[in-house]
Structure formats: C-alpha cells, structure tokens
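The next block is protein-v9.txt, given as compact mmCIF, C-alpha atoms.
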```
# COMPACT_ATOMS: atom_id res chain seq x y z
CA MET M 1452 -43.55 -36.92 -20.27
CA THR M 1453 -41.57 -34.59 -18.03
CA PHE M 1454 -41.73 -30.85 -18.29
CA LEU M 1455 -40.91 -27.64 -16.45
CA ARG M 1456 -43.75 -25.17 -16.57
CA HIS M 1457 -43.42 -21.41 -16.44
CA PHE M 1458 -45.69 -18.72 -17.78
CA ILE M 1459 -45.31 -15.20 -19.14
CA THR M 1460 -47.15 -12.29 -20.71
CA LEU M 1461 -45.97 -11.69 -24.27
CA SER M 1462 -46.30 -8.44 -26.21
CA LEU M 1463 -46.20 -10.04 -29.65
CA PHE M 1464 -47.39 -7.20 -31.80
CA LEU M 1465 -45.44 -4.40 -30.18
CA LEU M 1466 -42.16 -6.17 -30.82
CA VAL M 1467 -39.29 -3.74 -31.38
CA LEU M 1468 -36.23 -5.24 -33.00
CA PRO M 1469 -32.82 -3.85 -32.08
CA THR M 1470 -31.23 -1.35 -34.41
CA SER M 1471 -27.70 -1.66 -35.64
CA ALA M 1472 -25.09 1.05 -35.53
CA ASP M 1473 -23.32 -0.53 -38.49
CA ALA M 1474 -23.85 0.89 -41.95
CA SER M 1475 -26.28 -1.28 -43.88
CA VAL M 1476 -25.73 -2.49 -47.40
CA LEU M 1477 -27.71 -0.22 -49.73
CA PHE M 1478 -29.53 -2.26 -52.37
CA SER M 1479 -29.31 0.34 -55.13
CA GLU M 1480 -25.55 0.70 -54.67
CA TRP M 1481 -24.71 -2.97 -55.16
CA PHE M 1482 -27.54 -4.54 -57.15
CA ASP M 1483 -29.69 -4.18 -60.25
CA ASP M 1484 -33.43 -4.62 -59.92
CA ALA M 1485 -33.08 -8.19 -61.16
CA THR M 1486 -32.72 -11.73 -59.81
CA LEU M 1487 -29.77 -14.07 -60.20
CA ARG M 1488 -30.97 -17.67 -60.19
CA LEU M 1489 -28.29 -20.12 -59.10
CA ASN M 1490 -28.90 -23.81 -59.84
CA TYR M 1491 -26.79 -26.25 -57.85
CA ILE M 1492 -26.40 -30.02 -57.63
CA LEU M 1493 -25.81 -31.42 -54.13
CA SER M 1494 -24.55 -34.99 -53.92
CA GLY M 1495 -23.05 -37.42 -51.49
CA THR M 1496 -23.82 -40.04 -48.85
CA ASN M 1497 -24.58 -39.89 -45.15
CA ALA M 1498 -20.96 -38.91 -44.56
CA THR M 1499 -19.93 -36.99 -47.70
CA GLN M 1500 -21.17 -33.83 -49.39
CA ASP M 1501 -20.31 -32.22 -52.71
CA ILE M 1502 -21.62 -29.04 -54.33
CA ALA M 1503 -21.56 -28.30 -58.05
CA LEU M 1504 -22.79 -25.23 -59.89
CA HIS M 1505 -25.16 -26.26 -62.67
CA THR M 1506 -26.38 -23.08 -64.42
CA MET M 1507 -27.14 -19.41 -63.77
CA ALA M 1508 -29.91 -17.17 -65.08
CA ARG M 1509 -30.79 -13.48 -64.88
CA LEU M 1510 -34.49 -12.87 -64.24
CA PRO M 1511 -36.40 -9.59 -64.41
CA GLN M 1512 -37.11 -7.85 -61.08
CA TRP M 1513 -35.88 -8.64 -57.58
CA ALA M 1514 -38.77 -9.61 -55.30
CA GLY M 1515 -36.67 -10.52 -52.25
CA ARG M 1516 -35.84 -8.36 -49.28
CA ARG M 1517 -34.07 -5.03 -49.82
CA VAL M 1518 -33.23 -4.50 -46.17
CA ASN M 1519 -30.87 -6.40 -43.87
CA LEU M 1520 -29.09 -7.71 -46.96
CA ASP M 1521 -25.89 -8.59 -45.12
CA LYS M 1522 -27.57 -9.94 -41.98
CA LEU M 1523 -28.84 -13.41 -41.06
CA LEU M 1524 -31.95 -14.03 -39.03
CA LEU M 1525 -31.44 -17.81 -38.64
CA ASP M 1526 -28.37 -19.94 -39.34
CA GLY M 1527 -30.26 -22.62 -41.30
CA ASN M 1528 -28.71 -25.83 -42.60
CA GLY M 1529 -26.98 -23.91 -45.38
CA GLN M 1530 -26.13 -20.37 -46.44
CA VAL M 1531 -25.59 -18.55 -49.70
CA GLU M 1532 -23.44 -15.42 -49.59
CA LEU M 1533 -22.42 -12.76 -52.10
CA THR M 1534 -19.22 -10.79 -51.62
CA ASP M 1535 -17.90 -7.95 -53.74
CA SER M 1536 -14.86 -9.17 -55.68
CA ALA M 1537 -12.94 -5.89 -55.37
CA THR M 1538 -13.37 -5.25 -51.65
CA GLY M 1539 -14.39 -8.62 -50.21
CA GLN M 1540 -17.36 -6.97 -48.52
CA ARG M 1541 -20.37 -9.13 -47.85
CA ILE M 1542 -23.28 -7.66 -49.78
CA TYR M 1543 -25.90 -10.37 -49.34
CA ILE M 1544 -26.52 -13.51 -47.29
CA CYS M 1545 -29.44 -15.88 -46.87
CA SER M 1546 -29.90 -19.19 -45.03
CA PHE M 1547 -31.85 -22.23 -46.17
CA SER M 1548 -32.36 -25.97 -45.82
CA THR M 1549 -32.43 -28.74 -48.44
CA LEU M 1550 -34.02 -32.11 -49.09
CA PHE M 1551 -30.51 -33.48 -49.64
CA GLN M 1552 -29.59 -32.78 -46.03
CA GLU M 1553 -32.76 -34.47 -44.80
CA TRP M 1554 -31.94 -37.48 -46.93
CA GLN M 1555 -28.48 -37.69 -45.36
CA HIS M 1556 -30.16 -38.73 -42.09
CA SER M 1557 -31.86 -41.71 -43.78
CA GLU M 1558 -30.75 -45.33 -43.93
CA GLU M 1559 -30.58 -45.13 -47.75
CA ALA M 1560 -27.82 -42.53 -47.44
CA THR M 1561 -25.59 -45.18 -45.84
CA GLN M 1562 -25.99 -47.44 -48.86
CA VAL M 1563 -25.88 -45.27 -52.00
CA ARG M 1564 -24.62 -41.96 -53.31
CA ARG M 1565 -27.38 -39.65 -54.58
CA ALA M 1566 -27.70 -36.20 -56.13
CA PHE M 1567 -30.33 -33.51 -55.50
CA GLU M 1568 -31.17 -30.23 -57.21
CA THR M 1569 -31.47 -26.99 -55.28
CA VAL M 1570 -32.08 -23.39 -56.33
CA GLN M 1571 -31.02 -20.11 -54.75
CA LEU M 1572 -32.47 -16.76 -55.80
CA VAL M 1573 -30.21 -13.81 -54.96
CA PRO M 1574 -30.15 -10.18 -56.12
CA MET M 1575 -28.20 -9.55 -59.33
CA PRO M 1576 -24.89 -7.81 -58.49
CA ARG M 1577 -23.96 -4.74 -60.54
CA ARG M 1578 -20.28 -5.60 -60.43
CA THR M 1579 -18.35 -8.85 -60.34
CA ALA M 1580 -18.96 -10.74 -57.11
CA TYR M 1581 -18.29 -14.13 -55.58
CA ALA M 1582 -21.10 -16.47 -54.62
CA THR M 1583 -20.42 -18.95 -51.83
CA LEU M 1584 -22.72 -21.84 -50.94
CA ARG M 1585 -22.11 -23.59 -47.60
CA LEU M 1586 -23.70 -26.67 -46.07
CA TYR M 1587 -23.71 -27.41 -42.34
CA ASN M 1588 -24.16 -30.71 -40.52
CA SER M 1589 -26.27 -31.31 -37.41
CA HIS M 1590 -23.34 -30.18 -35.26
CA CYS M 1591 -23.41 -26.74 -36.96
CA GLN M 1592 -20.10 -27.42 -38.68
CA ILE M 1593 -19.36 -26.49 -42.31
CA VAL M 1594 -19.09 -29.74 -44.26
CA ALA M 1595 -19.12 -28.48 -47.85
CA GLU M 1596 -18.43 -25.14 -49.53
CA LEU M 1597 -18.32 -23.88 -53.10
CA ARG M 1598 -17.13 -20.41 -54.12
CA HIS M 1599 -17.52 -19.19 -57.68
CA LYS M 1600 -17.37 -15.95 -59.62
CA VAL M 1601 -20.49 -14.11 -60.80
CA SER M 1602 -19.87 -11.55 -63.53
CA PRO M 1603 -22.83 -9.50 -64.75
CA HIS M 1604 -21.19 -9.65 -68.21
CA ASP M 1605 -20.97 -13.45 -68.31
CA ILE M 1606 -22.49 -14.45 -71.68
CA LEU M 1607 -23.52 -17.86 -70.31
CA ILE M 1608 -25.85 -16.41 -67.69
CA ARG M 1609 -29.15 -17.21 -69.36
CA ARG M 1610 -31.75 -14.50 -69.76
CA GLY M 1611 -34.96 -15.57 -68.06
CA ARG M 1612 -38.29 -15.59 -69.79
CA ALA M 1613 -41.79 -14.77 -68.61
CA THR M 1614 -43.92 -17.79 -67.75
CA SER M 1615 -46.56 -18.79 -70.28
CA HIS M 1616 -48.92 -19.83 -67.50
CA HIS M 1617 -51.65 -17.69 -66.01
CA SER M 1618 -51.23 -16.08 -62.59
CA VAL M 1619 -53.82 -14.25 -60.51
CA THR M 1620 -53.07 -11.69 -57.81
CA GLN M 1621 -54.87 -12.78 -54.65
CA LEU M 1622 -53.61 -10.11 -52.30
CA HIS M 1623 -51.88 -6.83 -53.09
CA GLY M 1624 -50.57 -5.58 -49.79
CA THR M 1625 -47.78 -3.42 -51.19
CA THR M 1626 -45.35 -3.25 -54.12
CA PRO M 1627 -43.11 -6.29 -54.79
CA ASP M 1628 -40.00 -4.34 -53.83
CA LYS M 1629 -41.40 -3.60 -50.35
CA GLY M 1630 -43.50 -6.65 -49.53
CA ILE M 1631 -43.11 -10.40 -49.13
CA ASP M 1632 -44.14 -12.15 -52.34
CA LEU M 1633 -45.83 -15.53 -51.93
CA VAL M 1634 -46.89 -17.72 -54.85
CA TYR M 1635 -49.28 -20.69 -54.73
CA VAL M 1636 -48.55 -23.11 -57.59
CA ALA M 1637 -50.99 -25.67 -59.04
CA GLU M 1638 -49.90 -29.32 -59.12
CA GLY M 1639 -52.10 -32.12 -60.46
CA TYR M 1640 -54.99 -29.93 -61.64
CA SER M 1641 -56.39 -30.80 -65.09
CA PRO M 1642 -56.93 -28.06 -67.73
CA THR M 1643 -60.61 -27.78 -66.74
CA GLN M 1644 -59.84 -27.30 -63.03
CA ARG M 1645 -58.51 -23.76 -63.06
CA GLU M 1646 -61.36 -22.40 -60.93
CA LEU M 1647 -60.95 -25.26 -58.47
CA PHE M 1648 -57.28 -24.38 -58.05
CA LEU M 1649 -58.02 -20.68 -57.59
CA SER M 1650 -60.57 -21.61 -54.93
CA ASP M 1651 -58.01 -23.83 -53.18
CA ALA M 1652 -55.41 -21.06 -53.35
CA ARG M 1653 -57.92 -18.65 -51.82
CA THR M 1654 -58.61 -21.17 -49.04
CA ALA M 1655 -54.88 -21.52 -48.38
CA MET M 1656 -54.43 -17.76 -48.23
CA ASP M 1657 -57.44 -17.25 -45.96
CA ALA M 1658 -56.16 -19.98 -43.65
CA LEU M 1659 -52.74 -18.34 -43.42
CA PHE M 1660 -54.10 -14.88 -42.65
CA SER M 1661 -56.49 -16.22 -40.04
CA HIS M 1662 -53.39 -16.90 -37.89
CA GLU M 1663 -51.45 -14.29 -35.97
CA PRO M 1664 -49.15 -12.58 -36.64
CA PHE M 1665 -49.92 -13.03 -40.37
CA ARG M 1666 -53.35 -11.48 -39.85
CA THR M 1667 -52.04 -8.29 -38.27
CA LEU M 1668 -49.20 -7.94 -40.79
CA ARG M 1669 -51.00 -9.09 -43.94
CA HIS M 1670 -50.46 -5.67 -45.53
CA ARG M 1671 -46.79 -6.63 -45.91
CA PHE M 1672 -47.63 -9.53 -48.26
CA ASN M 1673 -48.43 -9.90 -51.94
CA VAL M 1674 -49.99 -13.24 -52.86
CA TYR M 1675 -50.26 -14.79 -56.32
CA ALA M 1676 -51.84 -17.98 -57.63
CA LEU M 1677 -50.14 -19.63 -60.62
CA PHE M 1678 -52.27 -22.10 -62.54
CA VAL M 1679 -50.23 -24.70 -64.38
CA PRO M 1680 -52.42 -27.48 -65.87
CA SER M 1681 -51.56 -31.16 -65.69
CA GLU M 1682 -52.59 -33.72 -68.29
CA ARG M 1683 -54.73 -35.38 -65.62
CA GLU M 1684 -55.67 -34.72 -62.02
CA ASP M 1685 -53.90 -36.07 -58.92
CA VAL M 1686 -50.18 -36.57 -58.27
CA SER M 1687 -47.84 -39.56 -58.21
CA ARG M 1688 -48.22 -42.18 -55.48
CA PRO M 1689 -45.31 -44.62 -55.94
CA GLY M 1690 -46.47 -46.76 -53.02
CA GLU M 1691 -49.56 -47.61 -55.08
CA GLY M 1692 -47.66 -47.93 -58.35
CA LEU M 1693 -49.17 -44.69 -59.72
CA TRP M 1694 -47.03 -42.19 -61.58
CA HIS M 1695 -48.35 -38.99 -63.20
CA ASP M 1696 -46.56 -36.43 -65.34
CA THR M 1697 -47.20 -33.22 -63.38
CA PRO M 1698 -45.74 -29.71 -63.75
CA CYS M 1699 -43.74 -29.86 -60.51
CA GLY M 1700 -42.88 -33.57 -60.64
CA SER M 1701 -44.04 -34.18 -57.07
CA HIS M 1702 -44.78 -37.54 -55.47
CA PHE M 1703 -45.68 -39.19 -52.20
CA ASN M 1704 -43.21 -41.58 -50.54
CA THR M 1705 -40.45 -38.98 -50.73
CA LEU M 1706 -37.44 -40.40 -48.88
CA TYR M 1707 -39.58 -43.57 -48.55
CA SER M 1708 -41.92 -41.83 -46.08
CA ASP M 1709 -45.57 -42.59 -47.00
CA ARG M 1710 -47.10 -39.15 -46.43
CA TYR M 1711 -44.08 -37.06 -47.38
CA LEU M 1712 -45.24 -35.28 -50.55
CA MET M 1713 -42.39 -33.32 -52.15
CA THR M 1714 -40.58 -32.77 -55.44
CA GLU M 1715 -36.93 -33.38 -56.23
CA LYS M 1716 -37.27 -31.46 -59.53
CA LEU M 1717 -36.41 -28.02 -58.22
CA PHE M 1718 -35.16 -26.75 -61.58
CA GLN M 1719 -38.51 -27.68 -63.14
CA LEU M 1720 -40.47 -25.98 -60.35
CA TYR M 1721 -38.51 -22.74 -60.56
CA ASP M 1722 -38.76 -22.72 -64.37
CA LEU M 1723 -42.52 -22.33 -63.89
CA LEU M 1724 -42.01 -19.27 -61.71
CA GLU M 1725 -39.81 -17.23 -64.05
CA GLY M 1726 -41.23 -13.78 -64.66
CA ILE M 1727 -43.37 -13.78 -61.51
CA PRO M 1728 -42.38 -11.85 -58.39
CA VAL M 1729 -41.54 -14.69 -56.02
CA GLU M 1730 -39.87 -14.99 -52.67
CA HIS M 1731 -41.76 -17.88 -51.07
CA VAL M 1732 -43.46 -20.81 -52.81
CA VAL M 1733 -46.30 -23.11 -51.75
CA VAL M 1734 -47.28 -25.95 -54.10
CA LEU M 1735 -50.91 -27.09 -53.81
CA ALA M 1736 -51.43 -30.70 -54.88
CA ASN M 1737 -54.82 -31.77 -56.20
CA THR M 1738 -55.07 -35.03 -54.28
CA GLN M 1739 -57.24 -36.46 -51.52
CA THR M 1740 -54.30 -38.31 -50.00
CA TYR M 1741 -52.97 -36.65 -46.84
CA GLY M 1742 -49.42 -35.35 -47.11
CA GLY M 1743 -47.01 -32.49 -47.62
CA GLY M 1744 -43.77 -30.96 -46.41
CA GLY M 1745 -41.87 -27.70 -46.03
CA ILE M 1746 -38.19 -26.80 -46.43
CA TYR M 1747 -36.85 -23.53 -45.05
CA ASN M 1748 -36.46 -20.80 -47.68
CA LEU M 1749 -37.05 -23.26 -50.52
CA TYR M 1750 -40.72 -24.28 -50.82
CA ALA M 1751 -43.69 -25.89 -49.09
CA MET M 1752 -46.21 -28.38 -50.46
CA THR M 1753 -49.46 -29.91 -49.28
CA SER M 1754 -52.42 -31.88 -50.58
CA ALA M 1755 -55.39 -29.58 -51.09
CA ARG M 1756 -58.29 -32.01 -51.30
CA GLN M 1757 -58.13 -33.55 -47.83
CA ALA M 1758 -59.91 -32.62 -44.60
CA TRP M 1759 -56.88 -31.12 -42.85
CA PHE M 1760 -55.89 -28.86 -45.76
CA ARG M 1761 -56.27 -25.55 -43.87
CA PRO M 1762 -54.12 -26.36 -40.81
CA VAL M 1763 -51.57 -28.38 -42.78
CA VAL M 1764 -50.90 -25.70 -45.41
CA VAL M 1765 -50.26 -23.20 -42.60
CA HIS M 1766 -48.07 -25.67 -40.72
CA GLU M 1767 -45.91 -26.35 -43.79
CA PHE M 1768 -45.55 -22.62 -44.45
CA GLY M 1769 -44.30 -22.29 -40.86
CA HIS M 1770 -41.41 -24.54 -41.91
CA SER M 1771 -40.61 -22.89 -45.23
CA PHE M 1772 -41.13 -19.27 -44.20
CA ALA M 1773 -39.99 -18.95 -40.58
CA GLY M 1774 -37.77 -22.02 -40.15
CA LEU M 1775 -40.04 -23.48 -37.48
CA ALA M 1776 -39.39 -27.11 -36.57
CA ASP M 1777 -41.93 -29.87 -36.00
CA GLU M 1778 -42.84 -30.06 -32.33
CA TYR M 1779 -44.18 -33.61 -32.41
CA PHE M 1780 -42.15 -36.74 -31.77
CA TYR M 1781 -42.32 -40.47 -32.40
CA ASP M 1782 -38.73 -41.72 -32.17
CA ASP M 1783 -38.83 -43.64 -35.46
CA GLN M 1784 -36.08 -41.75 -37.28
CA TYR M 1785 -33.07 -43.66 -38.55
CA GLU M 1786 -30.81 -40.95 -37.15
CA THR M 1787 -31.54 -38.05 -34.81
CA PHE M 1788 -31.60 -34.53 -36.20
CA TYR M 1789 -30.71 -32.82 -32.91
CA PRO M 1790 -27.65 -34.29 -31.15
CA GLU M 1791 -26.98 -33.72 -27.48
CA GLY M 1792 -24.92 -30.62 -26.73
CA VAL M 1793 -25.88 -28.74 -29.90
CA GLU M 1794 -28.49 -25.99 -29.80
CA PRO M 1795 -30.90 -26.20 -32.78
CA TRP M 1796 -31.01 -23.17 -35.06
CA GLU M 1797 -34.80 -23.47 -35.29
CA PRO M 1798 -36.38 -20.89 -32.94
CA ASN M 1799 -39.00 -23.22 -31.39
CA LEU M 1800 -36.74 -26.08 -30.24
CA SER M 1801 -33.96 -26.29 -27.67
CA THR M 1802 -31.62 -28.92 -26.26
CA LEU M 1803 -31.04 -26.50 -23.34
CA THR M 1804 -27.42 -26.22 -24.44
CA HIS M 1805 -27.71 -22.48 -25.06
CA PHE M 1806 -31.23 -21.95 -23.80
CA ASP M 1807 -30.40 -18.33 -23.02
CA LYS M 1808 -30.51 -17.73 -26.79
CA LYS M 1809 -34.02 -19.19 -27.10
CA TRP M 1810 -37.10 -18.36 -25.00
CA ALA M 1811 -35.40 -18.37 -21.57
CA HIS M 1812 -35.96 -14.63 -21.31
CA LEU M 1813 -39.70 -15.28 -21.51
CA LEU M 1814 -39.69 -17.41 -18.36
CA THR M 1815 -39.36 -14.51 -15.93
CA ASP M 1816 -42.97 -13.38 -15.55
CA ALA M 1817 -45.68 -15.76 -14.33
CA ALA M 1818 -48.49 -13.22 -14.62
CA ALA M 1819 -50.38 -14.72 -17.56
CA LEU M 1820 -51.18 -18.38 -16.99
CA SER M 1821 -53.17 -18.54 -20.19
CA GLU M 1822 -50.07 -18.21 -22.36
CA GLY M 1823 -48.62 -21.53 -21.18
CA ILE M 1824 -44.98 -20.84 -22.07
CA GLY M 1825 -42.57 -23.32 -20.53
CA VAL M 1826 -40.04 -26.04 -21.29
CA PHE M 1827 -41.78 -29.22 -22.45
CA GLU M 1828 -39.74 -32.30 -23.30
CA GLY M 1829 -40.33 -33.81 -26.74
CA GLY M 1830 -39.98 -32.25 -30.18
CA GLY M 1831 -38.14 -32.53 -33.45
CA TYR M 1832 -39.15 -36.23 -33.72
CA GLN M 1833 -37.37 -37.01 -30.41
CA SER M 1834 -39.15 -37.71 -27.13
CA HIS M 1835 -36.07 -37.06 -25.00
CA GLY M 1836 -33.41 -34.38 -24.97
CA VAL M 1837 -35.28 -31.88 -27.13
CA TYR M 1838 -37.68 -29.30 -25.71
CA ARG M 1839 -40.52 -27.19 -27.10
CA PRO M 1840 -42.01 -23.98 -25.67
CA SER M 1841 -45.68 -24.99 -25.31
CA ASP M 1842 -47.70 -28.09 -24.64
CA ASN M 1843 -49.43 -27.67 -28.01
CA CYS M 1844 -49.11 -25.52 -31.12
CA ARG M 1845 -49.86 -25.37 -34.84
CA MET M 1846 -46.38 -26.85 -35.28
CA ARG M 1847 -47.36 -29.91 -33.22
CA THR M 1848 -50.94 -30.95 -34.06
CA ASN M 1849 -53.53 -30.20 -36.73
CA GLU M 1850 -56.22 -29.87 -34.07
CA TYR M 1851 -54.59 -26.96 -32.21
CA PRO M 1852 -55.97 -23.68 -33.62
CA THR M 1853 -52.98 -21.32 -33.31
CA PHE M 1854 -49.23 -20.97 -33.27
CA CYS M 1855 -47.83 -20.88 -29.74
CA PRO M 1856 -46.50 -17.51 -28.51
CA VAL M 1857 -42.85 -18.41 -29.22
CA CYS M 1858 -43.68 -19.45 -32.80
CA ARG M 1859 -45.76 -16.30 -33.27
CA GLN M 1860 -42.84 -14.20 -32.12
CA ALA M 1861 -40.49 -16.03 -34.51
CA ILE M 1862 -42.88 -15.45 -37.42
CA GLU M 1863 -43.19 -11.78 -36.60
CA LYS M 1864 -39.41 -11.40 -36.45
CA THR M 1865 -39.22 -13.05 -39.88
CA ILE M 1866 -41.81 -10.69 -41.38
CA ARG M 1867 -40.06 -7.64 -39.98
CA TYR M 1868 -36.64 -8.94 -41.03
CA HIS M 1869 -37.89 -9.05 -44.63
CA THR M 1870 -39.55 -5.65 -44.59
CA GLU M 1871 -37.81 -3.24 -42.20
CA PRO M 1872 -34.22 -2.53 -41.12
CA ILE M 1873 -33.04 -4.16 -37.90
```
Can the structure from this file be put into structure tokens for me?
Amino acid sequence: MTFLRHFITLSLFLLVLPTSADASVLFSEWFDDATLRLNYILSGTNATQDIALHTMARLPQWAGRRVNLDKLLLDGNGQVELTDSATGQRIYICSFSTLFQEWQHSEEATQVRRAFETVQLVPMPRRTAYATLRLYNSHCQIVAELRHKVSPHDILIRRGRATSHHSVTQLHGTTPDKGIDLVYVAEGYSPTQRELFLSDARTAMDALFSHEPFRTLRHRFNVYALFVPSEREDVSRPGEGLWHDTPCGSHFNTLYSDRYLMTEKLFQLYDLLEGIPVEHVVVLANTQTYGGGGIYNLYAMTSARQAWFRPVVVHEFGHSFAGLADEYFYDDQYETFYPEGVEPWEPNLSTLTHFDKKWAHLLTDAAALSEGIGVFEGGGYQSHGVYRPSDNCRMRTNEYPTFCPVCRQAIEKTIRYHTEPI
C-alpha cells in the first residue's frame, strides 16, 4: 500500500465554525411546531431513476434542527428542499442517502427494475410551500427530481398518531427543540425480552458516548429506547431459509450481501416512531449473527447479540449521523462508488480531485506525530484511487478504539450544525 504521511496537532473541541452574514431562516416565522412526513417511492435500474410521492402525514412536534434551516453541511446522495410558494425562498434543506442508490451499483440493477421506499421528515410549513426531492449519481449530477406542492390545508395529509409501544428516556440532555433526538428501536425481541432490549440500548448508548466528540457534547443529545415486541426472537436470515415477521421487517442478505442487515420497509419503521421525538434512528436486532448497516440521515441497524456489538453500533451511527464513509477496502464491488476525478461528499474520503476542500489544511503542522494524519491510499471499498486520513479508525476496523481526528472533527461539525447557528 502506498501512502503519503504528514502529521498535525488538531484542536477538536475548540472548533469555531464560521458565522454567516446572511439572514438566517427563522423557524417560528415559517414553520409550525410539527413534522411533515413525506413518503416516497424510488424506482429504476442501474441507469434510470424515478421518484413518486406516496403519502404525506402531519405529526406532532418538530424534533429536527431549528438552526441552519436553509444551509447544507454535506451534499449527500440526495436532497430534500422546501421553498415558500409565494416568494420562492428556500426555507429548509437536508441531504441524505438511500438504499435504492446503493442498489443501483449492484449487478442486479442491470437486470431488473426495482422500487424502494424512503421517508423524509421535514418541518411543517405554515403556508403553502413546494417540496423538491433530488437524487444525485456518483458524478454528483442530478439524475432525478420531483417537485410537489405542500399545503397545510390539504385534507389528504394524514394526522399522525402516537405510538402504542413503550419508550424509555435514556438520556435527557436538553429539550427536544434544542437537542439531537436519537431513538433506539427493538427488532426481533420477544414480548418477554423488554429488559434485555433496554439493557442492549443502554450498552449502545454507553458505547456511543465513550467516543469523542460524543462524550464531550453528550449534553446536546436526548436518547430514547422504543420497545416493540416481535412474535419470536431473532430476525430473518434468507441465506438460511429463515424468515420472521418482525416490527421493522429487517433481514440479512440485503442486496445479496451476507452480513448486510437492513430493512426495505421504511414506511413500516417510521410508523413505529410516530409520536416520539425523533431525528436519528438506530435499530437494534436481537440476533447473534454479525451484521448491520447505516444510511446517511435515514437510519442505522446492527445485531446486538454478537461480540462486536459496541464498536459496530458506533461505526454504523458514524454513517447515518455524520455521513462518514467506510475506510476499508476489498475491491469486490460490482461497480465503484467513487469514480476518478470526482471528489466524494463524505468528509473522510478523497480522490485528491479537490483535496483542498478536505483535510489538506491539516497537513501543514508536523508537531504532533501521535495524531497520524496523512493521505493513505485505500478506502470506500477501493484499494486504489481513494484516500483516507489515517492508517486506522473506527470507520475502518472494529479493533481500533477511536474515530480518527478527521472523523472526530466531522462529527463535531455535525453536532454543532444541528444545535447552533453557523
């Protein structure tokens, strides 16, 4: 493996984000304290994409960010935007990724057309607005876009209901309108395993807040555990011919990858969460089989009964919360995710195309050898042409105990983006 090594002293926890001279969108001026749930169907092949609006629902309380409403932190693989219908002003934007777009890089996508559910939670506009959903390809080009009207008086916007399942507050760092609301959801736990799930949720939370910068900024989080019983324990393992009827409909062998444990039933998952303050979701699966996954600004999932539970649940949350990419590589993908000449939007990978926008500014001070920041070839499932900032990191191996400094900085930026004006 070839690499260029440089080192730097980082001041991770004294990070000051730039302020903007532009007037910020004021939440109370444009939105009710409520959530608009947008259900979409994404369909296509490896070369085609279509977006269809399925249903909308109004849910009590908005638990998302109330600052930086019209600003993006990361580009993502897709974006949802709200604009005021009268003025055309952007009043909200958020980026995300989807399982559909991952599937488009698979061999199956060259042979069949498939459809996937996805859900976007946005603040409920006080006046008529337009919602626009955009999908981008690996070259950062818009390949699909749907724009539709959202009227607060639309009689077919369903009124959400409170969940009938029991939730427990694990951490109360601040009020839902000021903090980041994280929910752990039970999957594959029998009716008698409520205490086991709560213990697993506590383990997941403790693992997360043992890592910096989550530990230092834990007061900006509220954490809930939602127990939803299954008829029987464990989850579906299609590779072994085992299917179980579970609340989230998850299964191994997602996209025909043995250890990829995900759900394609996003509408079903988000139905369980109605009435709970939620911004980020982690599904804990009651299985001893190793697996999981994480999709940016959608959800993360991991098996809770296996030896690597603590590092894996943190790793997957790195994907879903901060948009961090995998830093390992094995060159067995049907199609590459990171083409030559295109800079990844993920903060911890680079093709060196626009390296000045990544961690290049950190390679100017060689004072602290212990930090190990450099340019190491291999990442994003590719051994060549993609570079990572450290030799090892929580986003590369389960054995490594911490996030690398660049990932820590990206996580801190994400936390501050959600909780304070930039």
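The set of protein, DNA and RNA residues with any counted atom at most 7 Å from (-15.8, -6.0, -61.8) (all atoms listed in the file) reads Ser1536, Arg1578 and Thr1579 of chain M.
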Could you tell me which of M:Ala1560, M:Glu1553, M:Glu1822, M:Ser1650 comes closest to Tyr1711 (chain M) if we count all atoms listed in the file?
M:Glu1553
Take CA of His1617 (chain M) and CA of Met1575 (chain M) and report the distance between them in Å, one decimal.
25.7 Å
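Comparing the minimum interatomic distances between Val1837 (chain M) and each of M:Ile1608, M:Tyr1789, M:Phe1665, M:Tyr1741, counting only C-alpha atoms, we find that M:Tyr1789 sits nearest.
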Using only C-alpha atoms, determine which residues lie at most 12 Å from Glu1568 (chain M), disregarding the query and same-chain residues fewer than 6 positions distant; provide the list as a PyMOL selection string.
chain M and resi 1489-1494+1501-1506+1549-1552+1714-1721+1749
Dig up all the protein and nucleic acid residues within 8 Å of (-44.9, -23.4, -23.5) in the file frame, using only C-alpha atoms, and format them as a VMD selection string.
chain M and resid 1456 to 1458 1822 to 1827 1839 to 1843 1855 to 1857
Just to be explicit: take each residue in the selection above, keep C-alpha atoms, and write the result as a short mmCIF file (atom, residue, chain, number, x, y, z; two decimals), in the coordinates of the input.
```
data_model
loop_
_atom_site.label_atom_id
_atom_site.label_comp_id
_atom_site.auth_asym_id
_atom_site.auth_seq_id
_atom_site.Cartn_x
_atom_site.Cartn_y
_atom_site.Cartn_z
CA ARG M 1456 -43.75 -25.17 -16.57
CA HIS M 1457 -43.42 -21.41 -16.44
CA PHE M 1458 -45.69 -18.72 -17.78
CA GLU M 1822 -50.07 -18.21 -22.36
CA GLY M 1823 -48.62 -21.53 -21.18
CA ILE M 1824 -44.98 -20.84 -22.07
CA GLY M 1825 -42.57 -23.32 -20.53
CA VAL M 1826 -40.04 -26.04 -21.29
CA PHE M 1827 -41.78 -29.22 -22.45
CA ARG M 1839 -40.52 -27.19 -27.10
CA PRO M 1840 -42.01 -23.98 -25.67
CA SER M 1841 -45.68 -24.99 -25.31
CA ASP M 1842 -47.70 -28.09 -24.64
CA ASN M 1843 -49.43 -27.67 -28.01
CA CYS M 1855 -47.83 -20.88 -29.74
CA PRO M 1856 -46.50 -17.51 -28.51
CA VAL M 1857 -42.85 -18.41 -29.22
#
```
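With only C-alpha atoms as the atoms that count, the residue of M:Ala1751, M:Leu1712, M:Ile1866, M:Leu1533 with the shortest distance to His1670 (chain M) is M:Ile1866.
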